[in-house]
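K.L.:
My file is structure.txt. It has compact mmCIF, C-alpha atoms and all ligand atoms:
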```txt
# COMPACT_ATOMS: atom_id res chain seq x y z
CA MET A 1 16.98 15.12 14.97
CA ASN A 2 14.79 15.19 18.02
CA ALA A 3 15.71 12.67 20.76
CA ASN A 4 12.04 11.96 21.39
CA ARG A 5 11.15 11.27 17.80
CA VAL A 6 12.12 7.67 17.11
CA ALA A 7 10.38 5.39 14.60
CA PHE A 8 10.73 1.85 13.29
CA ILE A 9 9.35 1.05 9.83
CA THR A 10 8.96 -2.49 8.51
CA GLY A 11 8.60 -2.50 4.71
CA ILE A 12 10.79 0.62 4.44
CA THR A 13 12.02 -0.47 0.99
CA GLY A 14 8.44 -0.57 -0.34
CA GLN A 15 6.41 2.20 -1.93
CA ASP A 16 4.78 3.45 1.28
CA GLY A 17 7.80 2.78 3.49
CA SER A 18 10.01 4.99 1.35
CA TYR A 19 7.56 7.92 1.41
CA LEU A 20 6.95 7.48 5.13
CA ALA A 21 10.71 7.46 5.85
CA GLU A 22 11.04 10.76 3.94
CA LEU A 23 8.11 12.27 5.82
CA LEU A 24 9.44 11.24 9.24
CA ILE A 25 12.98 12.41 8.49
CA SER A 26 11.53 15.78 7.42
CA LYS A 27 9.87 15.90 10.86
CA GLU A 28 13.24 15.28 12.57
CA TYR A 29 12.68 11.63 13.47
CA LEU A 30 15.46 9.11 13.80
CA VAL A 31 14.12 6.35 11.55
CA HIS A 32 15.01 2.68 11.93
CA GLY A 33 14.02 0.43 9.07
CA LEU A 34 13.80 -3.31 8.49
CA ILE A 35 15.29 -4.56 5.24
CA ARG A 36 15.52 -8.06 3.81
CA ARG A 37 18.64 -9.63 2.51
CA SER A 38 18.32 -9.99 -1.23
CA SER A 39 20.67 -11.16 -3.97
CA THR A 40 19.62 -8.17 -6.06
CA ILE A 41 19.33 -4.55 -4.95
CA ASN A 42 16.00 -4.00 -3.17
CA THR A 43 16.74 -0.54 -1.79
CA ALA A 44 16.24 1.63 -4.90
CA ARG A 45 13.34 3.56 -3.34
CA ILE A 46 15.42 4.67 -0.34
CA ALA A 47 18.84 4.94 -2.00
CA HIS A 48 18.66 8.75 -1.77
CA LEU A 49 18.36 8.47 2.04
CA PHE A 50 21.24 6.04 2.53
CA HIS A 51 23.78 8.52 3.81
CA ASN A 52 21.32 10.45 5.93
CA PRO A 53 22.36 10.06 9.58
CA ALA A 54 18.65 9.99 10.52
CA LEU A 55 18.25 6.58 8.86
CA LYS A 56 19.44 3.27 10.35
CA LEU A 57 18.74 0.01 8.55
CA HIS A 58 18.54 -3.44 10.14
CA TYR A 59 18.47 -6.77 8.34
CA GLY A 60 15.57 -9.02 9.22
CA ASP A 61 12.38 -10.66 8.08
CA MET A 62 8.80 -10.61 9.35
CA THR A 63 8.82 -14.39 9.57
CA ASP A 64 11.81 -14.37 11.98
CA SER A 65 10.65 -13.52 15.51
CA ALA A 66 14.16 -13.68 16.99
CA CYS A 67 15.40 -10.91 14.71
CA LEU A 68 12.34 -8.75 15.38
CA TYR A 69 12.99 -9.09 19.12
CA LYS A 70 16.68 -8.29 18.63
CA ILE A 71 16.09 -5.22 16.47
CA LEU A 72 13.65 -3.72 18.97
CA ASN A 73 16.10 -4.51 21.76
CA ASN A 74 18.87 -2.70 19.86
CA ILE A 75 16.59 0.31 19.30
CA LYS A 76 15.71 0.36 23.01
CA THR A 77 19.40 0.25 23.94
CA ALA A 78 20.26 2.99 21.44
CA HIS A 79 17.55 5.33 22.82
CA PRO A 80 17.46 4.60 26.58
CA THR A 81 15.45 7.76 27.39
CA MET A 82 12.92 7.66 24.55
CA GLU A 83 9.39 8.37 25.70
CA ARG A 84 7.76 7.14 22.51
CA LEU A 85 8.63 4.70 19.75
CA GLU A 86 6.40 4.85 16.68
CA ILE A 87 6.26 1.50 14.90
CA TYR A 88 4.80 1.35 11.40
CA ASN A 89 4.19 -2.23 10.26
CA LEU A 90 4.12 -1.91 6.47
CA ALA A 91 5.99 -5.09 5.51
CA ALA A 92 3.86 -7.56 3.58
CA GLN A 93 3.63 -9.83 0.59
CA SER A 94 1.29 -7.22 -0.82
CA HIS A 95 0.25 -8.69 -4.18
CA VAL A 96 -3.27 -10.12 -4.09
CA LYS A 97 -2.97 -12.39 -7.16
CA ILE A 98 0.40 -13.77 -6.03
CA SER A 99 -1.10 -14.58 -2.62
CA PHE A 100 -3.11 -17.35 -4.34
CA GLU A 101 0.19 -18.85 -5.48
CA MET A 102 1.97 -18.52 -2.14
CA PRO A 103 -0.80 -18.49 0.47
CA GLU A 104 1.24 -19.95 3.32
CA TYR A 105 4.12 -17.48 2.97
CA THR A 106 1.62 -14.63 2.66
CA ALA A 107 -0.10 -15.72 5.88
CA ASP A 108 3.25 -16.11 7.66
CA THR A 109 4.40 -12.63 6.66
CA ASP A 110 1.20 -10.60 6.64
CA GLY A 111 -0.70 -12.37 9.44
CA PHE A 112 1.70 -14.04 11.87
CA GLY A 113 4.44 -11.50 11.10
CA THR A 114 2.23 -8.88 12.72
CA LEU A 115 1.75 -11.07 15.77
CA LYS A 116 5.52 -11.65 16.01
CA LEU A 117 6.18 -7.93 15.93
CA LEU A 118 3.57 -7.23 18.61
CA GLU A 119 5.10 -9.95 20.79
CA ALA A 120 8.59 -8.50 20.23
CA ILE A 121 7.26 -5.18 21.54
CA ARG A 122 5.78 -6.81 24.64
CA ASN A 123 8.80 -9.01 25.34
CA ASN A 124 11.01 -5.91 25.24
CA ASN A 125 8.63 -4.19 27.70
CA LEU A 126 8.01 -1.52 25.13
CA ASP A 127 4.17 -1.75 25.24
CA SER A 128 3.72 1.53 27.10
CA VAL A 129 6.27 3.38 24.93
CA ALA A 130 5.25 1.99 21.54
CA ARG A 131 2.64 3.44 19.22
CA PHE A 132 1.82 0.85 16.59
CA TYR A 133 0.44 1.38 13.08
CA GLN A 134 -0.84 -1.65 11.15
CA ALA A 135 -1.11 -1.49 7.36
CA SER A 136 -4.62 -2.87 7.06
CA THR A 137 -6.38 -2.81 3.73
CA SER A 138 -9.63 -2.25 1.89
CA GLU A 139 -9.15 -5.82 0.60
CA LEU A 140 -10.72 -6.81 3.95
CA TYR A 141 -14.08 -5.67 2.52
CA GLY A 142 -13.66 -8.01 -0.46
CA LYS A 143 -17.13 -9.02 -1.51
CA VAL A 144 -18.47 -5.74 -0.30
CA GLN A 145 -21.39 -5.71 2.10
CA GLU A 146 -22.08 -1.97 1.92
CA MET A 147 -21.45 1.01 -0.41
CA PRO A 148 -19.31 2.94 0.25
CA GLN A 149 -17.17 1.03 2.75
CA ARG A 150 -16.40 2.58 6.12
CA GLU A 151 -14.91 1.44 9.45
CA THR A 152 -18.15 -0.30 10.47
CA THR A 153 -18.69 -2.21 7.20
CA PRO A 154 -18.46 -6.00 7.76
CA PHE A 155 -15.42 -7.71 6.24
CA TYR A 156 -15.61 -10.44 3.58
CA PRO A 157 -12.02 -11.18 2.45
CA ARG A 158 -11.59 -12.77 -0.99
CA SER A 159 -7.93 -13.83 -1.16
CA PRO A 160 -5.23 -15.45 0.98
CA TYR A 161 -3.72 -11.93 1.18
CA ALA A 162 -6.93 -10.47 2.58
CA VAL A 163 -7.43 -13.37 4.99
CA GLY A 164 -3.85 -12.94 6.28
CA LYS A 165 -4.50 -9.21 6.72
CA LEU A 166 -7.77 -10.01 8.52
CA TYR A 167 -5.79 -11.93 11.15
CA ALA A 168 -3.42 -8.98 11.51
CA TYR A 169 -6.32 -6.52 11.83
CA TRP A 170 -7.89 -8.49 14.66
CA ILE A 171 -4.68 -9.28 16.54
CA VAL A 172 -3.87 -5.55 16.56
CA LYS A 173 -7.33 -4.82 17.94
CA ASN A 174 -6.99 -7.61 20.46
CA TYR A 175 -3.62 -6.37 21.76
CA ARG A 176 -5.09 -2.89 22.05
CA GLU A 177 -7.97 -4.19 24.17
CA ALA A 178 -6.07 -6.88 26.08
CA TYR A 179 -2.88 -4.98 26.91
CA GLY A 180 -3.88 -1.35 26.47
CA MET A 181 -1.42 -0.90 23.62
CA HIS A 182 -1.59 2.20 21.44
CA ALA A 183 -2.20 0.13 18.31
CA SER A 184 -4.20 1.38 15.32
CA ASN A 185 -5.34 -0.07 12.02
CA GLY A 186 -5.20 2.12 8.92
CA ILE A 187 -7.70 0.57 6.50
CA LEU A 188 -6.20 1.99 3.35
CA PHE A 189 -7.78 1.84 -0.07
CA ASN A 190 -5.53 1.47 -3.14
CA HIS A 191 -2.81 4.07 -3.43
CA GLY A 192 -0.03 4.35 -5.93
CA GLY A 193 2.25 6.77 -7.68
CA VAL A 194 5.61 6.88 -9.39
CA ARG A 195 7.16 4.44 -6.90
CA ARG A 196 4.39 1.86 -7.25
CA GLY A 197 5.48 -1.74 -7.84
CA HIS A 198 5.49 -2.58 -11.56
CA ASN A 199 2.93 -5.39 -11.35
CA PHE A 200 0.08 -3.40 -9.77
CA VAL A 201 -2.47 -2.45 -12.36
CA GLU A 202 -2.16 1.34 -12.57
CA ARG A 203 1.64 1.16 -12.85
CA LYS A 204 1.47 -1.72 -15.32
CA ILE A 205 -0.77 0.50 -17.47
CA THR A 206 1.51 3.57 -17.44
CA LEU A 207 4.66 1.48 -17.93
CA GLY A 208 2.95 -0.42 -20.77
CA LEU A 209 1.92 2.85 -22.39
CA GLY A 210 5.55 4.03 -22.24
CA LYS A 211 6.77 0.82 -23.89
CA ILE A 212 4.17 1.11 -26.67
CA LEU A 213 5.10 4.75 -27.33
CA ARG A 214 8.80 3.88 -27.48
CA GLY A 215 8.08 1.00 -29.86
CA GLU A 216 9.36 -1.61 -27.37
CA THR A 217 6.10 -3.54 -27.58
CA ASP A 218 2.90 -3.32 -29.61
CA ARG A 219 0.46 -4.33 -26.86
CA LEU A 220 -0.57 -4.23 -23.21
CA ILE A 221 -2.03 -7.45 -21.80
CA LEU A 222 -4.22 -7.24 -18.71
CA GLY A 223 -6.77 -9.27 -16.72
CA ASN A 224 -10.15 -8.10 -15.42
CA ILE A 225 -10.59 -4.51 -16.61
CA ASP A 226 -14.11 -4.13 -15.23
CA SER A 227 -13.19 -4.15 -11.54
CA GLN A 228 -13.31 -0.78 -9.78
CA ARG A 229 -10.91 0.72 -7.28
CA ASP A 230 -10.73 3.79 -5.05
CA LEU A 231 -7.23 4.96 -5.97
CA GLY A 232 -5.27 7.70 -4.25
CA SER A 233 -1.70 8.91 -3.93
CA ALA A 234 0.74 7.08 -1.61
CA GLN A 235 2.31 10.38 -0.58
CA ASP A 236 -1.02 11.63 0.75
CA TYR A 237 -1.70 8.35 2.54
CA VAL A 238 1.54 8.17 4.54
CA GLU A 239 0.55 11.48 6.14
CA GLY A 240 -2.62 9.79 7.37
CA MET A 241 -0.55 6.97 8.90
CA TRP A 242 1.52 9.49 10.83
CA LEU A 243 -1.58 11.37 11.99
CA MET A 244 -3.09 8.15 13.41
CA LEU A 245 -0.09 7.74 15.72
CA GLN A 246 -0.25 11.37 16.90
CA GLN A 247 -3.71 10.84 18.47
CA ASP A 248 -4.02 10.41 22.25
CA ALA A 249 -6.07 7.25 21.77
CA PRO A 250 -5.58 4.43 19.27
CA ASP A 251 -8.36 3.68 16.79
CA ASP A 252 -9.06 2.32 13.30
CA TYR A 253 -9.46 4.61 10.29
CA VAL A 254 -10.34 4.29 6.61
CA LEU A 255 -8.20 6.35 4.20
CA ALA A 256 -9.78 6.68 0.75
CA THR A 257 -10.57 9.26 -1.91
CA GLY A 258 -14.34 8.65 -1.97
CA GLU A 259 -14.27 8.00 -5.74
CA THR A 260 -14.16 4.71 -7.59
CA HIS A 261 -12.91 4.08 -11.14
CA SER A 262 -12.79 0.96 -13.29
CA VAL A 263 -9.48 -0.39 -14.60
CA ARG A 264 -10.90 0.35 -18.07
CA GLU A 265 -11.21 4.03 -17.10
CA MET A 266 -7.59 4.05 -15.85
CA ILE A 267 -6.44 2.69 -19.21
CA GLU A 268 -8.52 5.18 -21.21
CA LEU A 269 -7.31 8.09 -19.10
CA ALA A 270 -3.61 7.17 -19.33
CA PHE A 271 -3.72 6.50 -23.07
CA GLY A 272 -5.78 9.68 -23.60
CA MET A 273 -2.98 11.67 -21.94
CA ALA A 274 -0.73 10.39 -24.74
CA SER A 275 -3.39 11.47 -27.29
CA ILE A 276 -4.45 7.86 -27.97
CA ARG A 277 -8.23 7.65 -27.94
CA LEU A 278 -9.19 4.07 -27.19
CA LYS A 279 -12.30 2.32 -28.45
CA TRP A 280 -13.39 -1.15 -27.38
CA ARG A 281 -14.88 -4.19 -29.07
CA GLY A 282 -15.77 -7.57 -27.60
CA THR A 283 -16.45 -8.40 -23.96
CA GLY A 284 -14.83 -10.34 -21.12
CA SER A 285 -11.66 -12.12 -22.17
CA ASN A 286 -12.43 -11.19 -25.82
CA ALA A 287 -12.34 -7.46 -25.14
CA VAL A 288 -9.82 -5.56 -27.25
CA GLY A 289 -8.92 -1.89 -26.96
CA TYR A 290 -7.89 -0.20 -30.20
CA ASP A 291 -6.62 3.20 -31.25
CA GLU A 292 -9.57 5.00 -32.84
CA ALA A 293 -7.24 7.03 -35.08
CA THR A 294 -5.15 4.16 -36.50
CA GLY A 295 -7.40 1.15 -35.89
CA LYS A 296 -4.43 -0.61 -34.27
CA ASP A 297 -5.26 -3.13 -31.52
CA LEU A 298 -3.39 -2.20 -28.33
CA ILE A 299 -5.09 -3.69 -25.25
CA PHE A 300 -5.68 -7.43 -24.91
CA ILE A 301 -7.03 -9.62 -22.11
CA ASP A 302 -5.36 -12.78 -20.83
CA PRO A 303 -7.38 -14.75 -18.24
CA LYS A 304 -4.10 -15.79 -16.61
CA TYR A 305 -4.29 -12.43 -14.83
CA TYR A 306 -7.76 -13.20 -13.41
CA ARG A 307 -8.01 -14.00 -9.71
CA PRO A 308 -9.87 -17.15 -8.54
CA THR A 309 -12.06 -14.80 -6.49
CA GLU A 310 -12.17 -11.15 -7.51
CA VAL A 311 -12.94 -8.00 -5.55
CA ASP A 312 -15.29 -6.29 -7.98
CA VAL A 313 -15.58 -2.87 -6.44
CA LEU A 314 -13.92 -0.85 -3.69
CA TRP A 315 -15.22 2.58 -2.76
CA GLY A 316 -14.21 4.14 0.54
CA ASP A 317 -15.71 6.67 2.92
CA ALA A 318 -12.93 8.44 4.84
CA SER A 319 -15.23 10.82 6.78
CA LYS A 320 -13.93 9.61 10.15
CA ALA A 321 -10.31 10.33 9.18
CA ALA A 322 -11.39 13.77 7.94
CA GLN A 323 -13.24 14.58 11.16
CA VAL A 324 -10.83 13.14 13.73
CA LEU A 325 -7.44 13.40 12.01
CA GLY A 326 -8.14 16.33 9.70
CA TRP A 327 -6.87 14.11 6.86
CA ARG A 328 -8.02 14.63 3.30
CA PRO A 329 -6.44 13.36 0.08
CA ARG A 330 -4.85 16.18 -1.91
CA THR A 331 -4.16 14.40 -5.21
CA SER A 332 -7.00 13.74 -7.64
CA PHE A 333 -7.28 10.54 -9.69
CA GLN A 334 -6.44 12.52 -12.84
CA GLN A 335 -3.38 14.15 -11.21
CA LEU A 336 -2.11 10.81 -9.97
CA ILE A 337 -2.38 9.14 -13.39
CA ALA A 338 -0.80 12.24 -15.01
CA GLU A 339 2.22 12.00 -12.64
CA MET A 340 2.66 8.32 -13.48
CA VAL A 341 2.24 8.91 -17.22
CA GLN A 342 4.84 11.66 -17.04
CA GLN A 343 7.32 9.44 -15.19
CA ASP A 344 6.81 6.44 -17.47
CA THR A 345 6.47 8.20 -20.85
CA GLN A 346 8.07 11.63 -20.31
CA ILE A 347 4.81 13.17 -21.60
CA VAL A 348 3.78 16.18 -19.51
CA TYR A 349 0.00 16.32 -19.23
CA LYS A 350 -1.58 19.27 -17.41
CA VAL A 351 -4.72 18.39 -15.44
CA VAL A 352 -7.10 21.36 -15.49
P1 LIG B 401 5.13 -2.86 -1.34
O1 LIG B 401 5.64 -1.75 -2.20
O2 LIG B 401 4.87 -4.19 -1.91
O3 LIG B 401 6.20 -3.00 -0.14
C1 LIG B 401 6.17 -4.12 0.73
C2 LIG B 401 7.35 -4.04 1.66
O4 LIG B 401 7.32 -5.19 2.52
C3 LIG B 401 8.72 -4.07 0.96
O5 LIG B 401 9.62 -3.26 1.68
C4 LIG B 401 9.11 -5.53 1.10
O6 LIG B 401 10.51 -5.76 1.04
C5 LIG B 401 8.59 -5.80 2.49
N1 LIG B 401 8.44 -7.24 2.79
C6 LIG B 401 7.74 -8.16 2.10
N2 LIG B 401 7.83 -9.36 2.71
C7 LIG B 401 8.62 -9.19 3.79
C8 LIG B 401 9.09 -10.04 4.81
N3 LIG B 401 8.77 -11.35 4.84
N4 LIG B 401 9.88 -9.52 5.78
C9 LIG B 401 10.24 -8.21 5.75
N5 LIG B 401 9.82 -7.34 4.82
C10 LIG B 401 9.01 -7.84 3.85
O7 LIG B 401 3.80 -2.42 -0.59
P2 LIG B 401 3.18 -0.95 -0.37
O8 LIG B 401 2.29 -0.65 -1.52
O9 LIG B 401 4.23 -0.02 0.04
O10 LIG B 401 2.21 -1.25 0.86
C11 LIG B 401 2.67 -1.11 2.20
C12 LIG B 401 1.74 -1.90 3.12
O11 LIG B 401 0.42 -1.39 3.01
C13 LIG B 401 1.64 -3.37 2.81
O12 LIG B 401 1.48 -4.06 4.03
C14 LIG B 401 0.38 -3.50 1.98
O13 LIG B 401 -0.17 -4.78 2.11
C15 LIG B 401 -0.47 -2.43 2.62
N6 LIG B 401 -1.47 -1.78 1.78
C16 LIG B 401 -1.10 -1.24 0.58
C17 LIG B 401 -2.04 -0.58 -0.20
C18 LIG B 401 -1.67 0.03 -1.53
O14 LIG B 401 -2.58 0.24 -2.35
N7 LIG B 401 -0.41 0.34 -1.77
C19 LIG B 401 -3.36 -0.46 0.27
C20 LIG B 401 -3.69 -1.01 1.50
C21 LIG B 401 -2.74 -1.65 2.26
P3 LIG B 401 11.28 -5.91 -0.37
O15 LIG B 401 11.46 -4.49 -0.88
O16 LIG B 401 12.55 -6.56 0.04
O17 LIG B 401 10.41 -6.74 -1.26
N1 LIG B 402 -2.07 -6.58 -10.85
C1 LIG B 402 -2.87 -6.62 -11.93
N2 LIG B 402 -2.35 -6.93 -13.15
N3 LIG B 402 -4.19 -6.36 -11.74
C2 LIG B 402 -4.98 -6.38 -12.84
C3 LIG B 402 -4.49 -6.67 -14.12
C4 LIG B 402 -3.11 -6.98 -14.28
O1 LIG B 402 -2.63 -7.26 -15.36
N4 LIG B 402 -5.53 -6.60 -14.99
C5 LIG B 402 -6.60 -6.28 -14.29
N5 LIG B 402 -6.29 -6.16 -12.98
C6 LIG B 402 -7.25 -5.87 -11.91
C7 LIG B 402 -7.22 -6.86 -10.75
O2 LIG B 402 -7.93 -8.05 -11.08
C8 LIG B 402 -7.90 -6.02 -9.67
O3 LIG B 402 -9.29 -6.11 -9.80
C9 LIG B 402 -7.44 -4.59 -10.00
O4 LIG B 402 -6.94 -4.62 -11.33
C10 LIG B 402 -6.38 -4.04 -9.08
O5 LIG B 402 -5.33 -5.00 -8.98
P1 LIG B 402 -3.93 -4.62 -8.30
O6 LIG B 402 -3.37 -3.42 -8.93
O7 LIG B 402 -3.09 -5.85 -8.29
O8 LIG B 402 -4.34 -4.17 -6.84
P2 LIG B 402 -5.34 -4.83 -5.76
O9 LIG B 402 -6.54 -3.93 -5.68
O10 LIG B 402 -5.56 -6.26 -6.02
O11 LIG B 402 -4.47 -4.71 -4.42
C11 LIG B 402 -3.82 -3.47 -4.08
O12 LIG B 402 -4.66 -2.70 -3.27
C12 LIG B 402 -5.01 -3.28 -2.02
C13 LIG B 402 -5.94 -2.29 -1.30
O13 LIG B 402 -7.23 -2.42 -1.77
C14 LIG B 402 -2.51 -3.84 -3.37
O14 LIG B 402 -1.75 -2.66 -3.20
C15 LIG B 402 -2.79 -4.46 -2.01
O15 LIG B 402 -1.56 -4.61 -1.29
C16 LIG B 402 -3.73 -3.52 -1.22
O16 LIG B 402 -4.05 -4.09 0.03
```
Show how you would write the structure in this file as structure tokens.
P.N.:
Amino acid sequence: MNANRVAFITGITGQDGSYLAELLISKEYLVHGLIRRSSTINTARIAHLFHNPALKLHYGDMTDSACLYKILNNIKTAHPTMERLEIYNLAAQSHVKISFEMPEYTADTDGFGTLKLLEAIRNNNLDSVARFYQASTSELYGKVQEMPQRETTPFYPRSPYAVGKLYAYWIVKNYREAYGMHASNGILFNHGGVRRGHNFVERKITLGLGKILRGETDRLILGNIDSQRDLGSAQDYVEGMWLMLQQDAPDDYVLATGETHSVREMIELAFGMASIRLKWRGTGSNAVGYDEATGKDLIFIDPKYYRPTEVDVLWGDASKAAQVLGWRPRTSFQQLIAEMVQQDTQIVYKVV
């Protein structure tokens, strides 16, 4: 461990937090992480790091400003000579559909939680030492105003999640301008992988495929399969987060693959990797996907998965990150889906 490499990750038990913790530990950081108390185990993604002396976990919650202040104070006391503290704010109620069902909690965590963390930094007099990364999102573009979307594209959020994240985006920018803080927004397009939460669409598809192949179910039920997403690999994206905090000056960056694919394409690709060629009949909520070889109906639509306001298409332009940070995604859409299919079905599919 390097005495000058200290980081604090909120959301360390999440998909991105777990990959980022691994990356930072591999770079000799001492990593502090915020975890929530839970009645069930919520640390599966970082269980392999538990006994690593480079990892220190602290109980807390983004809605509890006193604990955020206390954790940062403890970190400051533990590293009295640190010249830099990298803070990655990844904690969020990150599910867009669920944000319509719990809008106030989502705003408290995703919006005001960010403000509380920034204030905890200032109240601990850590503003000049801290480098702050905010997990902003392509959901900010919502009803998109430009194709593809880049840092200058106007925002048009379409969910309580996106509106909460819009507040966080602007408060980060405001603290940068008002107090000279090294605070950056990473505007990340969708990214997943084998640690992706089970109720995000690409993981739901590969898990559903596995269940069908094992005979545990005879169908996969989804919502809007015509929306399009720019989907990359979480492991590639956490490298971009780190790069943003290594720059002399803070700034905002889009991370994206530059390709967009419909949910329908994701389904066809995943099932194709298991040698199931899907054909479709019907449209909208009557669409059904069936196995061309057997005629068996496999994919059904249930409008309960529709969102009151949908984001129809996301397509990112990460040229700025490529030019300034030297960041480029390494994993193709096909490779990503193949990795997930392999994990969830044990089928090895070679992408050529
Ligand atoms: P994730 O897997 O859902 O992880 C979210 C993390 O936040 C978990 O560690 C969760 O803890 C924690 N959390 C939730 N509410 C909290 C609270 N009130 N206090 C403290 N911790 C809380 O999300 P992810 O995919 O890794 O995404 C990381 C961040 O990037 C999120 O802010 C997300 O909104 C944003 N983002 C994600 C994507 C993407 O496609 N993945 C794209 C753009 C932006 P538990 O484990 O206890 O639930
Ligand atoms: N979750 C889910 N479940 N989505 C479905 C389903 C389903 O059964 N059926 C269709 N979809 C559609 C959604 O309507 C949406 O258009 C698309 O699949 C992607 O949905 P999610 O996987 O839930 O992701 P998201 O794009 O809404 O949000 C993710 O990406 C954002 C970045 O753009 C999350 O990771 C957010 O936290 C992140 O900010």
K.L.:
Name the closest residue to Ser227 of chain A among the candidates A:Thr109, A:Thr260, A:Gln149, A:Ser275; distances are taken between atoms, counting all atoms listed in the file.
P.N.:
A:Thr260
K.L.:
Would you mind telling me which residue in A:Ala234, A:Val31, A:Ile267, A:Val311 lies nearest to ligand LIG 401 (chain B) when using only C-alpha atoms and all ligand atoms?
P.N.:
A:Ala234
K.L.:
Please indicate the distance in Å from atom CA of Leu24 of chain A to atom CA of His79 of chain A, rounded to one decimal place.
P.N.:
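If I compute the distance from atom CA of Leu24 of chain A to atom CA of His79 of chain A, I get 16.9 Å.
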K.L.:
6 Å from ligand LIG 401 (chain B) is the threshold here; counting only C-alpha atoms and all ligand atoms, which polymer residues fall inside it? Answer as a ChimeraX atom specification.
P.N.:
/A:11-17,36,42,61-63,90-94,109,135-137,188-192,197
K.L.:
Which neighbours of Met102 of chain A fall inside 12 Å, counting all atoms listed in the file, when residues of the same chain fewer than 6 positions from it are skipped, and could you give them as a PyMOL selection string?
P.N.:
chain A and resi 93-96+108-110+159-161+164
K.L.:
Using C-alpha atoms, can you write the selected residues to a file as a PDB file, in the frame of the given file?
P.N.:
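File produced: again-v8.pdb:
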```pdb
ATOM      1  CA  GLN A  93       3.630  -9.830   0.590  1.00  0.00           C
ATOM      2  CA  SER A  94       1.290  -7.220  -0.820  1.00  0.00           C
ATOM      3  CA  HIS A  95       0.250  -8.690  -4.180  1.00  0.00           C
ATOM      4  CA  VAL A  96      -3.270 -10.120  -4.090  1.00  0.00           C
ATOM      5  CA  ASP A 108       3.250 -16.110   7.660  1.00  0.00           C
ATOM      6  CA  THR A 109       4.400 -12.630   6.660  1.00  0.00           C
ATOM      7  CA  ASP A 110       1.200 -10.600   6.640  1.00  0.00           C
ATOM      8  CA  SER A 159      -7.930 -13.830  -1.160  1.00  0.00           C
ATOM      9  CA  PRO A 160      -5.230 -15.450   0.980  1.00  0.00           C
ATOM     10  CA  TYR A 161      -3.720 -11.930   1.180  1.00  0.00           C
ATOM     11  CA  GLY A 164      -3.850 -12.940   6.280  1.00  0.00           C
TER      12      GLY A 164
END
```
